[in-house]
Amino acid sequence: MSDVPALAAYEMWRNRFLRDRLRPAVRIAMFFALTIIIYLLGEAIFAPREFKIVYLYTSAAVELGLLTCLILQKSSIGQRYPGLLFLGFSWSLTVVVQIGLALAKMGEVPVLTWSLTFLTQATLMPVRWPLHLISQLGVLLCHVGINLVLNLSFAKYSAFRLSGFYLYLFWFCLICDLSVCWYDRLQKAEFNTRRELESAYQKLEVAEAKYRSIFENAGEGIFQSTPDGRYITANPALARIYGFDYPEEVTAKFTDIDRQLYVDSIRRIEFVKSLEQSDKVSDFEFQIYRSDGTIVWISEKARAVRDTDGKVLYYEGLVEDITQRKQAQESLRLFIHALSHDLRNPVSGMLMVLKNWQKKNGESIEIPRSVLERMIQGSEQQLRLINSLLEVHAGELRGLVLYCDVVDLRAVVAAAVSDLEPLINDNEATLKLLISEDLPAVKADATQLWRVWSNLIANALKHNGPGLNLTVSAKVIEGGELSAIGDVGKNGGSPVPNSEISKMSAIRCTVEDDGVGISPEQCEHLFDLYVRGYQSRHSMGLGLGLYLCRQIITAHGGEIGVISSPGAGTIFWFTLPLPAAKFSTNSQCTLNQNPA
């Protein structure tokens, strides 16, 4: 109905109202006519001298007219033209009676019948006052016309009596018509007001449905909470961020947000203080406990809602899970630190050579070809490192990208030692290579293995004093020896079932020194991210070297560990499977079919 114009809509309502009220009005009138018929039949029996048959016929005609109106109400004509049925109802009680009296040559004026009819119409059907006026004028014209033709009531009543009758009829009809008109106007105003309210409610329901849809389907968490730390409302996204299935669980559980939700309750105090000062907070980051106990990072935007007196009623805002963003930032920091860490060794060696040349003031410098080759080799190695680290950063979430080829470990170790030779000489260290020429080749990424050797050797030099003795070795071991290795020292690789180990063979590589050693407590966490070296006072690193070594060896399908105790030196070891590398599920291997 909201799409129908207001006037047409009210007209539809008024016609329906008229049809609905006609049904009881016609039934009441039929019952009234039936009682008159019964009375007249009784008069015919008990007072035959006073009985006039014309009254009985007239009452029967009235009953027939009303019955016709009742039947037509259910027809299409009655549905489309309720005003005609209204006139039929009215004139059945007035005009039919008037015609019946005229046929009997009786000039009585049926004032009682007319009054009851007009009053009934005004009471039961108080709409469309022009219909009431037409029905009244119709019966009056019929009365005047019949009396003019037959000269019945004009002859029977004096002019004064007739004028009194018409004066009564005028005021009675006027009062009925005015009451209908005023009621109709009130109904129209009420109808329009109700229609406007319905339209407003519909718009409100649409707006509420849209808001509800946004609230329910938003990707960000939406909430309202009290200043004392209780959630009033929460949407499904907030429930998912907090680790729940339903929003109701959030509002039911969190009755003390700073104690139950915040990892650092001080951040809650800072959050509330910011809202008190500026009424809003943007990009407020903190850690929370999820329902399973895990910790995630979230970012919150909120505002304080106050009453007219300035008192805070509640907080409302948005919550976003930024854990992945924080991890990406951490990955980026790791990438930068790893880049600086891995480039430090070759750059330091080259810098030492250049500084030695600088000390020869005024002397012409002859650069041996071997030194130039070493510098070129170091520069090429730096370039390979940069490319490798860029690839690692780009695929941080999917693991290391290995460019595998048949690799001679002896050549890889020799290259690493050559790059570190200035650092070895500066530390007055002695290094022995115990790698036989018949050591089998492995399928691996030479650049990544160079990183492992460089990190392990440089790590030993940095965390021990001058005069260190280093031994670098590599040998083939069988399955039984692999099982024993896994039980010794810190193992940074993926566990391998004993049933599989017994079928495997591998190359075991070690970097052994006779330095100060490492405590068992430090060995437990030595390969973790950002753990500083075992002699941190000598270390300028950030705890990345050994962590990266574990990542590389694990990606090759091997294991890495350390065997040490204070004062007894340190052995770093790792394994590389033979004859074919078994790569871990988080690594990718792109085999180089045309090695340069």
# chains A, B, ... in the order shown; residues from 1 in each chain; ligands from 1
>>> residues_around(residues="Val442 of chain A", least_positions_apart="2", cutoff="10 Å", atoms="only C-alpha atoms", output="PyMOL selection string")
chain A and resi 404-409+439-440+444-446+506-507+576-581
>>> write_last_selection(atoms="C-alpha atoms", output="tab-separated table (two decimals), in the first residue's frame")
chain	number	residue	atom	x	y	z
A	404	CYS	CA	69.49	-27.68	-6.50
A	405	ASP	CA	72.34	-29.14	-8.50
A	406	VAL	CA	75.04	-31.75	-8.06
A	407	VAL	CA	77.34	-30.13	-5.49
A	408	ASP	CA	80.92	-30.93	-4.50
A	409	LEU	CA	81.00	-30.17	-0.76
A	439	LEU	CA	83.44	-37.67	-0.85
A	440	PRO	CA	80.20	-38.28	-2.78
A	444	ALA	CA	71.74	-29.37	-2.98
A	445	ASP	CA	71.81	-25.60	-3.30
A	446	ALA	CA	75.50	-24.61	-3.29
A	506	ALA	CA	74.02	-39.32	4.64
A	507	ILE	CA	77.04	-37.02	4.79
A	576	LEU	CA	72.75	-34.07	4.21
A	577	PRO	CA	70.88	-37.17	2.99
A	578	LEU	CA	72.29	-39.48	0.29
A	579	PRO	CA	71.91	-40.39	-2.47
A	580	ALA	CA	68.95	-38.06	-3.18
A	581	ALA	CA	67.87	-35.19	-0.96
>>> select_by_dssp(residues="segment 45-226 of chain A", states="strand (DSSP E or B)", output="ChimeraX atom specification")
/A:221-225
>>> closest_residue(among="A:Leu449, A:Ile45, A:Leu431, A:Val417", to="Leu468 of chain A", atoms="only C-alpha atoms")
A:Leu431
>>> closest_residue(among="A:Arg267, A:Arg303, A:Arg23, A:Lys74", to="Val281 of chain A", atoms="only C-alpha atoms")
A:Arg303
>>> select_by_dssp(residues="segment 196-275 of chain A", states="alpha helix (DSSP H)", output="ChimeraX atom specification")
/A:196-217,236-242,247-253,257-260,265-275
>>> write_last_selection(atoms="N, CA and C atoms", output="short mmCIF file (atom, residue, chain, number, x, y, z; two decimals), in the first residue's frame")
data_model
loop_
_atom_site.label_atom_id
_atom_site.label_comp_id
_atom_site.auth_asym_id
_atom_site.auth_seq_id
_atom_site.Cartn_x
_atom_site.Cartn_y
_atom_site.Cartn_z
N GLU A 196 1.89 6.88 7.21
CA GLU A 196 3.23 7.46 7.33
C GLU A 196 4.07 6.70 8.34
N LEU A 197 3.41 6.28 9.44
CA LEU A 197 4.13 5.49 10.43
C LEU A 197 4.57 4.15 9.85
N GLU A 198 3.66 3.52 9.10
CA GLU A 198 4.02 2.24 8.48
C GLU A 198 5.18 2.42 7.51
N SER A 199 5.12 3.53 6.73
CA SER A 199 6.21 3.80 5.80
C SER A 199 7.51 4.03 6.54
N ALA A 200 7.41 4.78 7.65
CA ALA A 200 8.62 5.03 8.44
C ALA A 200 9.16 3.74 9.05
N TYR A 201 8.23 2.89 9.52
CA TYR A 201 8.66 1.60 10.07
C TYR A 201 9.30 0.73 9.01
N GLN A 202 8.72 0.77 7.79
CA GLN A 202 9.31 -0.01 6.70
C GLN A 202 10.72 0.47 6.38
N LYS A 203 10.87 1.81 6.30
CA LYS A 203 12.21 2.35 6.05
C LYS A 203 13.16 1.99 7.19
N LEU A 204 12.62 2.05 8.42
CA LEU A 204 13.45 1.70 9.56
C LEU A 204 13.85 0.23 9.51
N GLU A 205 12.89 -0.63 9.12
CA GLU A 205 13.20 -2.05 9.00
C GLU A 205 14.23 -2.31 7.92
N VAL A 206 14.10 -1.57 6.79
CA VAL A 206 15.08 -1.72 5.71
C VAL A 206 16.45 -1.27 6.18
N ALA A 207 16.46 -0.10 6.85
CA ALA A 207 17.74 0.41 7.35
C ALA A 207 18.33 -0.54 8.40
N GLU A 208 17.45 -1.06 9.26
CA GLU A 208 17.93 -2.00 10.28
C GLU A 208 18.44 -3.28 9.64
N ALA A 209 17.73 -3.74 8.57
CA ALA A 209 18.18 -4.94 7.88
C ALA A 209 19.53 -4.71 7.22
N LYS A 210 19.71 -3.52 6.61
CA LYS A 210 21.01 -3.20 6.01
C LYS A 210 22.09 -3.14 7.07
N TYR A 211 21.79 -2.47 8.19
CA TYR A 211 22.77 -2.39 9.27
C TYR A 211 23.07 -3.77 9.83
N ARG A 212 21.99 -4.56 9.99
CA ARG A 212 22.18 -5.91 10.51
C ARG A 212 23.04 -6.74 9.57
N SER A 213 22.81 -6.57 8.24
CA SER A 213 23.61 -7.30 7.26
C SER A 213 25.08 -6.87 7.35
N ILE A 214 25.31 -5.55 7.44
CA ILE A 214 26.68 -5.06 7.58
C ILE A 214 27.29 -5.57 8.88
N PHE A 215 26.50 -5.51 9.95
CA PHE A 215 26.97 -5.93 11.27
C PHE A 215 27.33 -7.41 11.28
N GLU A 216 26.45 -8.23 10.65
CA GLU A 216 26.66 -9.67 10.68
C GLU A 216 27.75 -10.13 9.73
N ASN A 217 27.90 -9.44 8.58
CA ASN A 217 28.81 -9.91 7.53
C ASN A 217 30.09 -9.11 7.43
N PRO A 236 29.66 -11.45 14.52
CA PRO A 236 30.33 -12.74 14.29
C PRO A 236 31.82 -12.61 13.99
N ALA A 237 32.22 -11.53 13.29
CA ALA A 237 33.64 -11.37 12.98
C ALA A 237 34.47 -11.22 14.25
N LEU A 238 33.96 -10.47 15.23
CA LEU A 238 34.68 -10.32 16.50
C LEU A 238 34.78 -11.66 17.21
N ALA A 239 33.69 -12.44 17.15
CA ALA A 239 33.72 -13.76 17.77
C ALA A 239 34.80 -14.63 17.13
N ARG A 240 34.91 -14.58 15.80
CA ARG A 240 35.93 -15.38 15.12
C ARG A 240 37.34 -14.92 15.50
N ILE A 241 37.54 -13.61 15.59
CA ILE A 241 38.86 -13.09 15.97
C ILE A 241 39.24 -13.59 17.36
N TYR A 242 38.26 -13.64 18.27
CA TYR A 242 38.53 -14.07 19.64
C TYR A 242 38.51 -15.58 19.80
N PRO A 247 28.63 -14.86 18.63
CA PRO A 247 28.83 -13.58 19.34
C PRO A 247 28.36 -13.63 20.78
N GLU A 248 27.33 -14.42 21.04
CA GLU A 248 26.81 -14.49 22.40
C GLU A 248 27.86 -15.01 23.38
N GLU A 249 28.79 -15.82 22.89
CA GLU A 249 29.85 -16.32 23.76
C GLU A 249 30.78 -15.19 24.21
N VAL A 250 30.97 -14.20 23.34
CA VAL A 250 31.83 -13.06 23.68
C VAL A 250 31.20 -12.25 24.80
N THR A 251 29.91 -11.91 24.63
CA THR A 251 29.24 -11.09 25.65
C THR A 251 29.06 -11.85 26.95
N ALA A 252 28.97 -13.18 26.87
CA ALA A 252 28.79 -13.96 28.09
C ALA A 252 30.10 -14.14 28.86
N LYS A 253 31.21 -14.31 28.15
CA LYS A 253 32.48 -14.62 28.83
C LYS A 253 33.17 -13.39 29.38
N ILE A 257 37.35 -7.15 30.76
CA ILE A 257 38.14 -7.20 29.53
C ILE A 257 39.63 -7.09 29.80
N ASP A 258 40.03 -6.14 30.64
CA ASP A 258 41.47 -5.93 30.84
C ASP A 258 42.16 -7.14 31.45
N ARG A 259 41.45 -7.91 32.27
CA ARG A 259 42.05 -9.08 32.91
C ARG A 259 41.91 -10.33 32.06
N GLN A 260 40.77 -10.50 31.38
CA GLN A 260 40.50 -11.72 30.63
C GLN A 260 41.03 -11.68 29.20
N SER A 265 47.85 -5.77 30.63
CA SER A 265 46.73 -4.99 31.15
C SER A 265 47.01 -3.49 31.14
N ILE A 266 48.30 -3.11 31.08
CA ILE A 266 48.65 -1.68 31.02
C ILE A 266 48.10 -1.07 29.73
N ARG A 267 48.06 -1.86 28.66
CA ARG A 267 47.54 -1.35 27.40
C ARG A 267 46.05 -0.99 27.51
N ARG A 268 45.31 -1.73 28.31
CA ARG A 268 43.90 -1.41 28.54
C ARG A 268 43.77 -0.07 29.25
N ILE A 269 44.64 0.16 30.22
CA ILE A 269 44.62 1.44 30.93
C ILE A 269 44.91 2.58 29.96
N GLU A 270 45.89 2.38 29.08
CA GLU A 270 46.22 3.40 28.09
C GLU A 270 45.07 3.62 27.12
N PHE A 271 44.38 2.55 26.76
CA PHE A 271 43.24 2.64 25.85
C PHE A 271 42.12 3.48 26.47
N VAL A 272 41.76 3.20 27.70
CA VAL A 272 40.70 3.94 28.38
C VAL A 272 41.10 5.40 28.58
N LYS A 273 42.36 5.63 28.94
CA LYS A 273 42.84 7.00 29.15
C LYS A 273 42.75 7.81 27.87
N SER A 274 43.10 7.21 26.73
CA SER A 274 43.02 7.91 25.45
C SER A 274 41.58 8.27 25.12
N LEU A 275 40.64 7.36 25.40
CA LEU A 275 39.23 7.64 25.13
C LEU A 275 38.70 8.74 26.04
#
